[in-house]
Amino acid sequence: MKDILDELEQRRREARLGGGQRRIDAQHARGKLTARERLELLLDEGSFEEFDMFVRHRSTDFGMEADRPYGDGVVTGWGTINGRMVYVYSQDFTVFGGSLSETHAQKICKIMDMAMQNGAPVIGLNDSGGARIQEGVASLAGYADVFQRNIMASGVVPQISVIMGPCAGGAVYSPAMTDFIFMVKDTSYMFVTGPDVVKTVTNEIVTAEQLGGASTHTKKSSVADGAFENDVEALSEIRRLFDFLPLNNREKAPTRPFFDDPHRIEASLDTLIPDNPNQPYDMKELILKIADEGDFYEIQRISRPISSRVSCGSKARPWASSPTSRRFWRAVSTSTARARRHVSCGSAMRSRSRS
Ligand code: HXC
């Protein structure tokens with residue numbers, strides 16, 4: 001028995017090392033955390049239950065049979081954020097660049113299925129070069145299975161993607177179908193394929209940042225809902241966003257104790273909105289004054305002025321008009337500050353309409 005337990009422990013140690021210490025050091029040198037370090041920050045301490053730690057790929061092409069690391073480039077399981085259940089996957093860039101193999105896809109599909117069955121959100125920490133080239137169509141079919149679940153989960157449980165490394169191909173198509181996408185500045189990229197392939201195929205020279213960096217996707221394409229300075233800030237902000245979301249489409253937004261007087265009169269609202277409809281005003285100031293304790297989680301902060309976002313919704317992204325799309329959850333997230341604590345600033349608004 002002792003031998004078996006020793007071997008189990010040895011395998012666990014090996015699995016935790018992913019692609020090896022040299023690649024972990026390289027990951028750190030780029031200012032990035034490893035897949036497991038990220039999960040430690042995202043989830044409540046000691047809450048993570050890992051699945052399929054010893055899964056290995058089955059590929060025998062291109063000498064792959066000689067290199068079969070445990071876990072196959074993704075850490076999956078469930079845990080809690082402030083006591084509320086969440087399913088997670090975290091891709092390990094140290095193992096074949098976090099690329100998605102047939103078995104890697106099966107691990108992700110399993111937690112997505114469980115999330116839908118149990119009514120809990122899915123958070124994906126993406127750090128992947130896309131389909132694993134050595135596996136060919138087997139990995140592409142794996143993506144088809146993931147995409148199918150992205151669609152089935154849409155509007156049923158919230159899906160949050162955090163892009164935390166150079167993500168290419170399918171590693172971007174799947175996040176694009178989720179409700180929220182966040183990036184990390186200077187270390188994360190979202191592109192169909194990387195700058196080297198672009199140069200080879202089209203002769204165009206373009207930097208990774210221009211092609212799919214956080215500035216491109218928050219300021220130009222509007223694909224990303226926000227960008228954070230580093231991994232630590234990104235993960236702590238995702239914890240905060242999570243607090244605003246219902247766990248699924250059958251639950252109400254969460255509630256917590258509040259200290260903002262429900263009868264608080266916000267006299268400045270009487271003058272904040274100008275009588276002249278052509279005169280601009282700061283919508284964000286208004287929201288902060290209305291929301292309980294000024295607690296407001298803003299998304300798409302950089303893309304365009306908040307006044308146009310609030311009034312125009314998601315016109316920049318036509319797919320957002322579906323009731324099961326990201327707009328559905330977004331509406332929840334921005335209104336939750338009021339809904340979850342049952343506070344109304346109606347008195348101030350009424351006093352304004354009377355005047
Ligand atoms: C297998 C991959 C890989 C991939 C990276 N690696 N991408 N292995 N399949 N898709 C491996 C590299 O060989 C390397 O292994 C390690 O990961 C780190 O990669 P580097 O290139 O050294 O890192 P970096 O310079 O940071 O560049 C990262 C990158 C680049 C931008 C992601 O690797 C890249 O452009 N990869 C190809 C991306 C791509 O075209 N993907 C599309 C796949 S098709 P070692 O052993 O050196 O550590 C697809 C279509 C889906 O996804 C369609 C679904 C229907």
# chains A, B, ... in the order shown; residues from 1 in each chain; ligands from 1

call {"tool": "select_by_dssp", "arguments": {"residues": "segment 68-188 of chain A", "states": "strand (DSSP E)", "output": "short mmCIF file (atom, residue, chain, number, x, y, z; two decimals) with N, CA and C atoms, in the first residue's frame"}}
result
data_model
loop_
_atom_site.label_atom_id
_atom_site.label_comp_id
_atom_site.auth_asym_id
_atom_site.auth_seq_id
_atom_site.Cartn_x
_atom_site.Cartn_y
_atom_site.Cartn_z
N VAL A 74 -3.96 21.34 -19.25
CA VAL A 74 -5.07 22.11 -18.68
C VAL A 74 -5.42 21.56 -17.29
N VAL A 75 -5.64 22.48 -16.35
CA VAL A 75 -6.04 22.10 -15.00
C VAL A 75 -7.53 22.40 -14.89
N THR A 76 -8.34 21.39 -14.54
CA THR A 76 -9.79 21.58 -14.49
C THR A 76 -10.36 21.16 -13.13
N GLY A 77 -11.52 21.68 -12.82
CA GLY A 77 -12.18 21.27 -11.57
C GLY A 77 -13.21 22.29 -11.14
N TRP A 78 -13.55 22.26 -9.87
CA TRP A 78 -14.50 23.23 -9.35
C TRP A 78 -13.97 23.77 -8.01
N GLY A 79 -14.51 24.90 -7.61
CA GLY A 79 -14.12 25.50 -6.34
C GLY A 79 -15.16 26.55 -5.99
N THR A 80 -14.82 27.43 -5.08
CA THR A 80 -15.76 28.49 -4.72
C THR A 80 -15.08 29.86 -4.79
N ILE A 81 -15.92 30.88 -5.04
CA ILE A 81 -15.47 32.28 -4.95
C ILE A 81 -16.40 32.94 -3.95
N ARG A 84 -19.34 30.76 -3.22
CA ARG A 84 -20.28 30.37 -4.27
C ARG A 84 -19.58 29.53 -5.33
N MET A 85 -20.28 28.49 -5.76
CA MET A 85 -19.68 27.47 -6.62
C MET A 85 -19.33 27.96 -8.03
N VAL A 86 -18.19 27.49 -8.53
CA VAL A 86 -17.81 27.84 -9.90
C VAL A 86 -16.97 26.69 -10.47
N TYR A 87 -17.16 26.43 -11.77
CA TYR A 87 -16.31 25.46 -12.47
C TYR A 87 -15.23 26.23 -13.23
N VAL A 88 -14.04 25.66 -13.24
CA VAL A 88 -12.91 26.40 -13.82
C VAL A 88 -12.05 25.49 -14.68
N TYR A 89 -11.44 26.12 -15.69
CA TYR A 89 -10.30 25.46 -16.35
C TYR A 89 -9.20 26.50 -16.52
N SER A 90 -7.97 26.04 -16.40
CA SER A 90 -6.83 26.95 -16.48
C SER A 90 -5.79 26.30 -17.37
N GLN A 91 -5.51 26.89 -18.52
CA GLN A 91 -4.61 26.26 -19.48
C GLN A 91 -3.15 26.51 -19.10
N VAL A 122 -18.98 29.13 -15.44
CA VAL A 122 -17.70 28.56 -15.90
C VAL A 122 -16.73 29.72 -16.09
N ILE A 123 -15.55 29.59 -15.49
CA ILE A 123 -14.50 30.59 -15.75
C ILE A 123 -13.34 29.87 -16.42
N GLY A 124 -12.94 30.39 -17.60
CA GLY A 124 -11.81 29.81 -18.32
C GLY A 124 -10.63 30.76 -18.27
N LEU A 125 -9.49 30.27 -17.79
CA LEU A 125 -8.25 31.06 -17.80
C LEU A 125 -7.46 30.58 -19.01
N ASN A 126 -7.45 31.40 -20.05
CA ASN A 126 -6.95 30.95 -21.35
C ASN A 126 -5.50 31.38 -21.58
N GLN A 159 -20.64 32.57 -18.48
CA GLN A 159 -19.34 32.07 -18.93
C GLN A 159 -18.38 33.25 -19.00
N ILE A 160 -17.28 33.13 -18.30
CA ILE A 160 -16.31 34.23 -18.22
C ILE A 160 -14.97 33.72 -18.76
N SER A 161 -14.37 34.50 -19.67
CA SER A 161 -13.06 34.14 -20.20
C SER A 161 -12.03 35.18 -19.79
N VAL A 162 -10.90 34.71 -19.29
CA VAL A 162 -9.80 35.63 -19.02
C VAL A 162 -8.65 35.20 -19.93
N ILE A 163 -8.21 36.11 -20.77
CA ILE A 163 -7.13 35.82 -21.71
C ILE A 163 -5.83 36.21 -21.01
N PRO A 166 -0.62 34.38 -24.98
CA PRO A 166 -0.86 34.49 -26.42
C PRO A 166 -1.85 33.42 -26.87
N CYS A 167 -3.08 33.81 -27.14
CA CYS A 167 -4.12 32.85 -27.50
C CYS A 167 -4.43 32.95 -28.99
N ALA A 168 -4.39 31.80 -29.64
CA ALA A 168 -4.57 31.80 -31.10
C ALA A 168 -5.63 30.77 -31.50
N PHE A 180 -18.36 37.25 -20.94
CA PHE A 180 -17.40 38.31 -20.60
C PHE A 180 -16.01 37.87 -21.02
N ILE A 181 -15.25 38.83 -21.59
CA ILE A 181 -13.87 38.54 -21.97
C ILE A 181 -12.98 39.63 -21.36
N PHE A 182 -12.01 39.22 -20.58
CA PHE A 182 -11.05 40.17 -20.02
C PHE A 182 -9.64 39.77 -20.45
N MET A 183 -8.77 40.76 -20.54
CA MET A 183 -7.39 40.49 -20.97
C MET A 183 -6.40 41.04 -19.94
N VAL A 184 -5.14 40.65 -20.09
CA VAL A 184 -4.08 41.20 -19.25
C VAL A 184 -3.16 42.01 -20.17
#

call {"tool": "closest_atom_pairs", "arguments": {"of": "chain A", "to": "ligand 1", "cutoff": "9 Å", "atoms": "only C-alpha atoms and all ligand atoms", "output": "tab-separated table"}}
result
residue	atom	partner	partner_atom_place_in_ligand_line	distance
A:Gly19	CA	ligand 1	48 (O)	7.9
A:Arg23	CA	ligand 1	48 (O)	7.0
A:Phe93	CA	ligand 1	17 (O)	6.8
A:Thr94	CA	ligand 1	48 (O)	6.5
A:Val95	CA	ligand 1	17 (O)	6.9
A:Phe96	CA	ligand 1	17 (O)	4.3
A:Gly97	CA	ligand 1	17 (O)	3.1
A:Gly98	CA	ligand 1	17 (O)	6.8
A:Ser99	CA	ligand 1	4 (C)	5.0
A:Leu100	CA	ligand 1	9 (N)	7.4
A:Ser101	CA	ligand 1	9 (N)	8.5
A:Asp127	CA	ligand 1	32 (C)	8.5
A:Ser128	CA	ligand 1	32 (C)	6.3
A:Gly129	CA	ligand 1	32 (C)	3.7
A:Gly130	CA	ligand 1	52 (O)	3.8
A:Ala131	CA	ligand 1	52 (O)	3.8
A:Arg132	CA	ligand 1	9 (N)	3.5
A:Ile133	CA	ligand 1	9 (N)	4.2
A:Gln134	CA	ligand 1	1 (C)	6.2
A:Glu135	CA	ligand 1	9 (N)	8.3
A:Gly136	CA	ligand 1	44 (S)	8.7
A:Val137	CA	ligand 1	55 (C)	8.8
A:Ser139	CA	ligand 1	51 (C)	7.9
A:Leu140	CA	ligand 1	54 (C)	4.8
A:Ala141	CA	ligand 1	55 (C)	6.8
A:Gly142	CA	ligand 1	54 (C)	8.0
A:Tyr143	CA	ligand 1	54 (C)	5.2
A:Ala144	CA	ligand 1	55 (C)	5.7
A:Phe147	CA	ligand 1	55 (C)	8.4
A:Gly165	CA	ligand 1	26 (O)	7.9
A:Pro166	CA	ligand 1	32 (C)	5.0
A:Cys167	CA	ligand 1	32 (C)	5.7
A:Ala168	CA	ligand 1	41 (N)	4.8
A:Gly169	CA	ligand 1	52 (O)	3.4
A:Gly170	CA	ligand 1	52 (O)	3.8
A:Ala171	CA	ligand 1	52 (O)	6.2
A:Val172	CA	ligand 1	52 (O)	8.0
A:Tyr173	CA	ligand 1	54 (C)	7.6
A:Ser174	CA	ligand 1	54 (C)	8.8
A:Tyr189	CA	ligand 1	31 (C)	8.2
A:Phe191	CA	ligand 1	31 (C)	8.5
A:Val192	CA	ligand 1	42 (C)	6.7
A:Thr193	CA	ligand 1	40 (O)	4.3
A:Gly194	CA	ligand 1	35 (O)	4.0
A:Pro195	CA	ligand 1	35 (O)	6.9
A:Asp196	CA	ligand 1	35 (O)	6.5
A:Val197	CA	ligand 1	35 (O)	6.6
A:Ala208	CA	ligand 1	31 (C)	7.9

call {"tool": "atom_distance", "arguments": {"atom1": "atom CA of Cys109 of chain A", "atom2": "atom CA of Met190 of chain A"}}
result
21.5 Å

call {"tool": "select_by_dssp", "arguments": {"residues": "segment 90-180 of chain A", "states": "helix (DSSP H, G or I)", "output": "count of residues only"}}
result
47

call {"tool": "residues_around", "arguments": {"residues": "Phe259 of chain A", "least_positions_apart": "2", "cutoff": "8 Å", "atoms": "only C-alpha atoms", "output": "list in words"}}
result
Pro257, Asp261 and Glu293 of chain A

call {"tool": "write_last_selection", "arguments": {"atoms": "all heavy atoms", "output": "short mmCIF file (atom, residue, chain, number, x, y, z; two decimals), in the first residue's frame"}}
result
data_model
loop_
_atom_site.label_atom_id
_atom_site.label_comp_id
_atom_site.auth_asym_id
_atom_site.auth_seq_id
_atom_site.Cartn_x
_atom_site.Cartn_y
_atom_site.Cartn_z
N PRO A 257 -25.50 42.18 3.05
CA PRO A 257 -25.90 43.29 3.91
C PRO A 257 -25.48 44.62 3.30
O PRO A 257 -24.45 44.69 2.63
CB PRO A 257 -25.11 43.03 5.20
CG PRO A 257 -24.66 41.63 5.12
CD PRO A 257 -24.56 41.26 3.69
N ASP A 261 -28.46 53.96 3.18
CA ASP A 261 -29.84 54.20 3.61
C ASP A 261 -30.79 54.14 2.40
O ASP A 261 -30.62 54.89 1.44
CB ASP A 261 -29.89 55.59 4.27
CG ASP A 261 -31.31 55.93 4.72
OD1 ASP A 261 -32.19 55.05 4.59
OD2 ASP A 261 -31.51 57.07 5.18
N GLU A 293 -23.76 52.47 -2.01
CA GLU A 293 -22.38 52.66 -1.58
C GLU A 293 -21.44 52.94 -2.76
O GLU A 293 -20.25 52.64 -2.69
CB GLU A 293 -21.88 51.44 -0.81
CG GLU A 293 -22.65 51.21 0.49
CD GLU A 293 -22.72 49.73 0.86
OE1 GLU A 293 -21.86 48.97 0.44
OE2 GLU A 293 -23.66 49.36 1.58
#
